[in-house]
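Asks: Structure provided below as structure tokens; questions to follow.
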Amino acid sequence: MAVAMPPSRVEVSGWSWRPVARDALLARAFHSCTELRGRFYLVGGLLTGGARKPSSDTVVFDPTGGQAVRLEARDSPLLSHHDAANVGGRWLCVVGGWDGSRRLATVKVLDTEHGVWEAWTATPDNCPPAGLSSHTCTRLSDRELRVAGREGGTRTQRRYGSIYTLTLDPSARTYCYKEDYHTVSRSGHCAALLQTPGPHPGHQLLLFGGCNSAEPEIAGQWSQGKIKEEPPIAPRLVEQLARLVSKGQGSRQGPRGLRHHSCSVVGPFAVLFGGESLTRARDTICNDLYIYDTRKSPLWFHFPCADRGLKRVGHRTCLWNDQLYLVGGFGEDGRTANPQVCILDLFI
């Protein structure tokens, strides 16, 4: 049962994560967390660090009432290190992941209207990856997702990454993978679909982290009008983020060697938090907030944190109702799953 949290905050560098709910059902890492119709759907994940077998739970969290319930649906996938996307405001499309013994490229779909997992089938021209884990899956439309990651099987992974278009047909309950091209090898990265400013506006899909490079990688470009996806409206949070970065020092270089962090797009900003550093030998789990500002020439803003209790890895953030939510993840020891739901507070 979810427990509402009393107001409490630790103000650090103009921001903090404020706990608003707590439930043992939410204590997991390397899960997916997707907002549909004002509910957060958590699928799978690892319940403890070092666990060999992922969870097969599907948990629904109501941010309005602060309540979490386990969805009693048959055939809930046993997965971790997967990704998921909202399709048509009705279906939760879960892509790839680790089932405890191997990497998968399967597509599992939850019909949230009826609360059942459906069996969608691959089309005859489907060309799936060998297997995917710690990849990203970004919604471009109700019929198209962009998947970015490094293929692998049971014990090995390829030395390069791949970009796939995953085409969906909800009416026929079918899907089809098509490999677009090879790219830099990344694992544990994040993806952000952002509008491009300037004389030729459009959209870019950027990949951050998952390798030693600090440079974002373009995983897709579209001219104006090609992407119909409407991002959530968050005017208050956008204004607060703009005020926060106005007090910071921008940099052309982003975080180097960060993986298993979270990323949410808030208007012209990509907000990254936590993760694991590949550049440190010790104390690898992070609690830093990074903001990528695309309004003019793209700049990074780094807001460090002194509160070690906010360290997270394998967590998720979700934007809903003009607020950014933090759900799950392992803490500083890399083994203990956090049962809290928090909201990002900005003190400007």
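Identifiers in this document derive from the order of the structure tokens: chains are assigned A, B, ..., residues are numbered from 1 separately in each chain, and ligands are numbered from 1 in order of occurrence.
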How would you write, as JSON, numbers by chain, the set of residues in stretch 31-262 of chain A that DSSP gives as helix (DSSP H, G or I)?
Replies: {"A": [235, 236, 237, 238, 239, 240, 241, 242, 243, 244, 245, 246]}
Asks: Could you write those residues out with N, CA, C and O atoms, as an mmCIF file, in the first residue's frame?
Replies:
data_model
loop_
_atom_site.group_PDB
_atom_site.id
_atom_site.type_symbol
_atom_site.label_atom_id
_atom_site.label_comp_id
_atom_site.auth_asym_id
_atom_site.auth_seq_id
_atom_site.Cartn_x
_atom_site.Cartn_y
_atom_site.Cartn_z
ATOM 1 N N PRO A 235 4.263 24.281 -18.762
ATOM 2 C CA PRO A 235 4.726 25.686 -18.796
ATOM 3 C C PRO A 235 5.407 26.137 -17.517
ATOM 4 O O PRO A 235 6.406 26.874 -17.565
ATOM 5 N N ARG A 236 4.886 25.720 -16.359
ATOM 6 C CA ARG A 236 5.493 26.158 -15.091
ATOM 7 C C ARG A 236 6.885 25.572 -14.930
ATOM 8 O O ARG A 236 7.832 26.284 -14.567
ATOM 9 N N LEU A 237 7.040 24.275 -15.233
ATOM 10 C CA LEU A 237 8.334 23.630 -15.077
ATOM 11 C C LEU A 237 9.342 24.174 -16.090
ATOM 12 O O LEU A 237 10.521 24.364 -15.760
ATOM 13 N N VAL A 238 8.887 24.437 -17.327
ATOM 14 C CA VAL A 238 9.780 25.029 -18.325
ATOM 15 C C VAL A 238 10.288 26.386 -17.845
ATOM 16 O O VAL A 238 11.480 26.695 -17.963
ATOM 17 N N GLU A 239 9.386 27.190 -17.290
ATOM 18 C CA GLU A 239 9.794 28.509 -16.781
ATOM 19 C C GLU A 239 10.795 28.367 -15.636
ATOM 20 O O GLU A 239 11.791 29.104 -15.567
ATOM 21 N N GLN A 240 10.557 27.422 -14.747
ATOM 22 C CA GLN A 240 11.482 27.224 -13.620
ATOM 23 C C GLN A 240 12.851 26.745 -14.093
ATOM 24 O O GLN A 240 13.881 27.189 -13.582
ATOM 25 N N LEU A 241 12.876 25.826 -15.066
ATOM 26 C CA LEU A 241 14.155 25.353 -15.594
ATOM 27 C C LEU A 241 14.910 26.483 -16.289
ATOM 28 O O LEU A 241 16.138 26.596 -16.168
ATOM 29 N N ALA A 242 14.189 27.341 -17.011
ATOM 30 C CA ALA A 242 14.832 28.483 -17.670
ATOM 31 C C ALA A 242 15.458 29.416 -16.644
ATOM 32 O O ALA A 242 16.571 29.925 -16.850
ATOM 33 N N ARG A 243 14.774 29.620 -15.540
ATOM 34 C CA ARG A 243 15.317 30.484 -14.487
ATOM 35 C C ARG A 243 16.508 29.826 -13.800
ATOM 36 O O ARG A 243 17.481 30.491 -13.429
ATOM 37 N N LEU A 244 16.452 28.504 -13.641
ATOM 38 C CA LEU A 244 17.565 27.803 -13.012
ATOM 39 C C LEU A 244 18.826 27.896 -13.869
ATOM 40 O O LEU A 244 19.909 28.219 -13.358
ATOM 41 N N VAL A 245 18.713 27.633 -15.176
ATOM 42 C CA VAL A 245 19.907 27.669 -16.020
ATOM 43 C C VAL A 245 20.427 29.092 -16.202
ATOM 44 O O VAL A 245 21.623 29.288 -16.471
ATOM 45 N N SER A 246 19.548 30.085 -16.042
ATOM 46 C CA SER A 246 20.008 31.475 -16.158
ATOM 47 C C SER A 246 20.992 31.832 -15.056
ATOM 48 O O SER A 246 21.762 32.791 -15.189
#
Asks: DSSP on the backbone, strand (DSSP E) only: what residues of stretch 154-235 of chain A does that give? Format it as number ranges by chain.
Replies: A: 161-169, 174-183, 190-196, 202-208, 217-223
Asks: For the selection just defined, write its residues with N, CA, C and O atoms to a file, as a short mmCIF file (atom, residue, chain, number, x, y, z; two decimals), in the first residue's frame.
Replies:
data_model
loop_
_atom_site.label_atom_id
_atom_site.label_comp_id
_atom_site.auth_asym_id
_atom_site.auth_seq_id
_atom_site.Cartn_x
_atom_site.Cartn_y
_atom_site.Cartn_z
N GLY A 161 26.71 -0.13 -32.36
CA GLY A 161 25.29 0.00 -32.08
C GLY A 161 24.49 -0.01 -33.37
O GLY A 161 25.04 0.08 -34.47
N SER A 162 23.19 -0.12 -33.24
CA SER A 162 22.30 -0.12 -34.40
C SER A 162 21.09 0.76 -34.11
O SER A 162 20.64 0.87 -32.97
N ILE A 163 20.58 1.37 -35.18
CA ILE A 163 19.35 2.15 -35.11
C ILE A 163 18.28 1.39 -35.89
O ILE A 163 18.49 1.03 -37.07
N TYR A 164 17.17 1.11 -35.24
CA TYR A 164 16.07 0.38 -35.86
C TYR A 164 14.81 1.24 -35.88
O TYR A 164 14.55 2.02 -34.95
N THR A 165 14.03 1.09 -36.94
CA THR A 165 12.66 1.60 -36.96
C THR A 165 11.74 0.42 -36.66
O THR A 165 11.83 -0.63 -37.31
N LEU A 166 10.89 0.59 -35.65
CA LEU A 166 9.93 -0.44 -35.27
C LEU A 166 8.54 0.07 -35.65
O LEU A 166 8.02 1.00 -35.05
N THR A 167 7.97 -0.54 -36.70
CA THR A 167 6.66 -0.13 -37.21
C THR A 167 5.57 -0.97 -36.56
O THR A 167 5.68 -2.20 -36.49
N LEU A 168 4.53 -0.30 -36.09
CA LEU A 168 3.43 -0.96 -35.38
C LEU A 168 2.13 -0.78 -36.14
O LEU A 168 1.90 0.27 -36.76
N ASP A 169 1.28 -1.78 -36.09
CA ASP A 169 -0.08 -1.68 -36.64
C ASP A 169 -1.04 -2.14 -35.54
O ASP A 169 -1.33 -3.34 -35.41
N THR A 174 0.27 -6.14 -35.17
CA THR A 174 1.52 -6.61 -35.76
C THR A 174 2.62 -5.58 -35.55
O THR A 174 2.36 -4.39 -35.27
N TYR A 175 3.86 -6.04 -35.71
CA TYR A 175 5.03 -5.16 -35.63
C TYR A 175 6.08 -5.62 -36.62
O TYR A 175 6.08 -6.77 -37.09
N CYS A 176 7.02 -4.70 -36.94
CA CYS A 176 8.07 -5.03 -37.90
C CYS A 176 9.31 -4.19 -37.61
O CYS A 176 9.23 -2.96 -37.56
N TYR A 177 10.44 -4.86 -37.39
CA TYR A 177 11.73 -4.19 -37.23
C TYR A 177 12.38 -3.98 -38.60
O TYR A 177 12.34 -4.86 -39.46
N LYS A 178 13.04 -2.83 -38.76
CA LYS A 178 13.88 -2.59 -39.93
C LYS A 178 15.14 -1.88 -39.45
O LYS A 178 15.06 -0.83 -38.80
N GLU A 179 16.31 -2.46 -39.75
CA GLU A 179 17.57 -1.82 -39.36
C GLU A 179 17.88 -0.69 -40.32
O GLU A 179 17.89 -0.87 -41.53
N ASP A 180 18.14 0.51 -39.74
CA ASP A 180 18.43 1.68 -40.57
C ASP A 180 19.93 1.84 -40.83
O ASP A 180 20.35 2.02 -41.96
N TYR A 181 20.74 1.78 -39.77
CA TYR A 181 22.18 1.91 -39.94
C TYR A 181 22.90 1.57 -38.64
O TYR A 181 22.28 1.45 -37.59
N HIS A 182 24.22 1.40 -38.75
CA HIS A 182 25.06 1.15 -37.58
C HIS A 182 25.55 2.48 -37.01
O HIS A 182 25.65 3.48 -37.72
N THR A 183 25.87 2.45 -35.72
CA THR A 183 26.26 3.67 -35.05
C THR A 183 27.26 3.34 -33.94
O THR A 183 27.71 2.20 -33.81
N CYS A 190 20.54 7.23 -22.87
CA CYS A 190 19.16 7.72 -22.91
C CYS A 190 18.94 8.41 -24.25
O CYS A 190 19.88 8.71 -24.98
N ALA A 191 17.69 8.66 -24.58
CA ALA A 191 17.32 9.29 -25.86
C ALA A 191 16.36 10.43 -25.59
O ALA A 191 15.49 10.34 -24.71
N ALA A 192 16.49 11.50 -26.38
CA ALA A 192 15.61 12.66 -26.22
C ALA A 192 15.21 13.17 -27.60
O ALA A 192 16.08 13.50 -28.42
N LEU A 193 13.91 13.22 -27.85
CA LEU A 193 13.38 13.78 -29.09
C LEU A 193 13.12 15.27 -28.85
O LEU A 193 12.21 15.63 -28.09
N LEU A 194 13.92 16.12 -29.49
CA LEU A 194 13.90 17.55 -29.20
C LEU A 194 13.66 18.35 -30.48
O LEU A 194 14.12 17.96 -31.56
N GLN A 195 12.95 19.46 -30.34
CA GLN A 195 12.78 20.37 -31.47
C GLN A 195 14.07 21.12 -31.73
O GLN A 195 14.80 21.46 -30.80
N THR A 196 14.36 21.35 -33.01
CA THR A 196 15.57 22.08 -33.39
C THR A 196 15.19 23.51 -33.72
O THR A 196 14.29 23.76 -34.53
N GLY A 202 12.75 21.73 -36.93
CA GLY A 202 12.35 20.35 -37.12
C GLY A 202 12.55 19.60 -35.83
O GLY A 202 12.34 20.16 -34.74
N HIS A 203 12.94 18.34 -35.91
CA HIS A 203 13.19 17.52 -34.73
C HIS A 203 14.49 16.73 -34.89
O HIS A 203 14.86 16.35 -36.01
N GLN A 204 15.14 16.49 -33.77
CA GLN A 204 16.29 15.60 -33.70
C GLN A 204 16.08 14.61 -32.57
O GLN A 204 15.54 14.96 -31.51
N LEU A 205 16.51 13.37 -32.81
CA LEU A 205 16.58 12.39 -31.73
C LEU A 205 18.04 12.29 -31.33
O LEU A 205 18.89 11.89 -32.13
N LEU A 206 18.33 12.66 -30.07
CA LEU A 206 19.70 12.66 -29.57
C LEU A 206 19.89 11.55 -28.56
O LEU A 206 19.01 11.28 -27.73
N LEU A 207 21.05 10.91 -28.61
CA LEU A 207 21.45 9.89 -27.64
C LEU A 207 22.52 10.47 -26.73
O LEU A 207 23.49 11.06 -27.22
N PHE A 208 22.36 10.28 -25.42
CA PHE A 208 23.31 10.78 -24.43
C PHE A 208 23.85 9.61 -23.61
O PHE A 208 23.09 8.77 -23.13
N GLU A 217 24.79 12.05 -29.75
CA GLU A 217 24.79 11.51 -31.10
C GLU A 217 23.40 11.66 -31.70
O GLU A 217 22.39 11.41 -31.03
N ILE A 218 23.35 12.07 -32.94
CA ILE A 218 22.07 12.22 -33.64
C ILE A 218 21.62 10.85 -34.16
O ILE A 218 22.33 10.21 -34.93
N ALA A 219 20.45 10.40 -33.72
CA ALA A 219 19.91 9.11 -34.13
C ALA A 219 18.69 9.27 -35.02
O ALA A 219 17.92 8.34 -35.21
N GLY A 220 18.52 10.47 -35.56
CA GLY A 220 17.40 10.74 -36.46
C GLY A 220 17.16 12.23 -36.57
O GLY A 220 17.29 12.97 -35.58
N GLN A 221 16.85 12.70 -37.78
CA GLN A 221 16.52 14.10 -38.03
C GLN A 221 15.30 14.17 -38.93
O GLN A 221 15.19 13.40 -39.89
N TRP A 222 14.39 15.10 -38.61
CA TRP A 222 13.17 15.24 -39.38
C TRP A 222 12.87 16.72 -39.60
O TRP A 222 13.03 17.54 -38.68
N SER A 223 12.43 17.07 -40.78
CA SER A 223 12.09 18.45 -41.08
C SER A 223 10.76 18.81 -40.41
O SER A 223 10.02 17.94 -39.92
#
Asks: Within 8 Å of stretch 128-134 of chain A, which residues of stretch 25-87 of chain A show up? Give each one with its shortest atom-to-atom distance in Å (one decimal) and the two atoms involved, counting only C-alpha atoms, rows by chain then rising residue number, as a tab-separated table.
Replies:
residue	atom	partner	partner_atom	distance
A:Ser80	CA	A:Ser133	CA	7.9
A:His81	CA	A:Ser134	CA	4.8
A:His82	CA	A:Ser133	CA	5.7
A:Asp83	CA	A:Ser134	CA	7.8
Asks: How far is it from atom CA of A:Gln249 to atom CA of A:Thr284, in Å with one decimal?
Replies: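 Interatomic distance here is 24.3 Å.
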Asks: List every residue of stretch 77-113 of chain A that has an atom at most 10 Å from any atom of stretch 58-72 of chain A, giving for each one its closest atom pair and the distance in Å to one decimal, counting only C-alpha atoms, sorted by chain and then by ascending residue number, as JSON lines.
Replies:
{"residue": "A:Pro77", "atom": "CA", "partner": "A:Thr58", "partner_atom": "CA", "distance": 8.3}
{"residue": "A:Leu78", "atom": "CA", "partner": "A:Thr58", "partner_atom": "CA", "distance": 9.5}
{"residue": "A:Leu110", "atom": "CA", "partner": "A:Thr58", "partner_atom": "CA", "distance": 9.7}
Asks: Write the residues of the selection above to a file with N, CA and C atoms, as a compact mmCIF listing (two decimals), in the first residue's frame.
Replies:
# COMPACT_ATOMS: atom_id res chain seq x y z
N PRO A 77 5.38 -9.82 -18.71
CA PRO A 77 6.73 -10.26 -19.08
C PRO A 77 7.73 -10.17 -17.93
N LEU A 78 8.60 -11.15 -17.86
CA LEU A 78 9.69 -11.19 -16.90
C LEU A 78 10.89 -10.54 -17.57
N LEU A 110 0.73 -4.29 -23.64
CA LEU A 110 -0.34 -4.28 -22.64
C LEU A 110 -1.46 -3.38 -23.12
Asks: What are the closest atom pairs, with distances in Å to one decimal, for each residue of stretch 221-327 of chain A lying within 7 Å of stretch 24-47 of chain A, using only C-alpha atoms, rows by chain and rising residue number, as JSON lines?
Replies:
{"residue": "A:Gly314", "atom": "CA", "partner": "A:Phe30", "partner_atom": "CA", "distance": 4.5}
{"residue": "A:His315", "atom": "CA", "partner": "A:Ala29", "partner_atom": "CA", "distance": 5.6}
{"residue": "A:Arg316", "atom": "CA", "partner": "A:Cys33", "partner_atom": "CA", "distance": 6.3}
{"residue": "A:Cys318", "atom": "CA", "partner": "A:Glu35", "partner_atom": "CA", "distance": 6.9}
Asks: Would you mind exporting N, CA, C and O atoms of the selected residues as a tab-separated table (two decimals), in the first residue's frame?
Replies:
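Saved to result-v1.tsv:
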chain	number	residue	atom	x	y	z
A	314	GLY	N	19.64	3.16	-12.48
A	314	GLY	CA	18.57	2.27	-12.95
A	314	GLY	C	17.18	2.76	-12.61
A	314	GLY	O	16.24	1.97	-12.57
A	315	HIS	N	17.03	4.06	-12.38
A	315	HIS	CA	15.76	4.67	-12.02
A	315	HIS	C	15.07	5.20	-13.28
A	315	HIS	O	15.59	5.07	-14.39
A	316	ARG	N	13.91	5.81	-13.09
A	316	ARG	CA	13.18	6.43	-14.20
A	316	ARG	C	12.58	7.76	-13.76
A	316	ARG	O	12.25	7.95	-12.58
A	318	CYS	N	9.42	10.56	-15.02
A	318	CYS	CA	8.22	10.72	-15.85
A	318	CYS	C	7.69	12.14	-15.68
A	318	CYS	O	7.59	12.64	-14.55
Asks: Point out the residue among A:Arg103, A:Lys108, A:Arg22, A:His260 with the least atom-to-atom distance to A:Ala84, counting only C-alpha atoms.
Replies: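 Smallest separation from A:Ala84 among the options: A:Lys108.
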Asks: Report the distance between atom CA of A:Val341 and atom CA of A:Arg312 in Å, rounded to one decimal place.
Replies: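 Spanning atom CA of A:Val341 to atom CA of A:Arg312 is a straight-line distance of 12.5 Å.
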Asks: Write out as a count of residues only the residues lying within 8 Å of A:Pro232, counting only C-alpha atoms and excluding same-chain residues fewer than 2 positions away.
Replies: 5
Asks: Find the residue from A:Val147, A:Trp117, A:Ala51, A:Arg295 that sits nearest to A:Gly96; use only C-alpha atoms when measuring.
Replies: A:Val147
Asks: Quick check, in Å to one decimal: how far apart do atom CA of A:Glu113 and atom CA of A:Ala21 lie?
Replies: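 The value is 25.0 Å.
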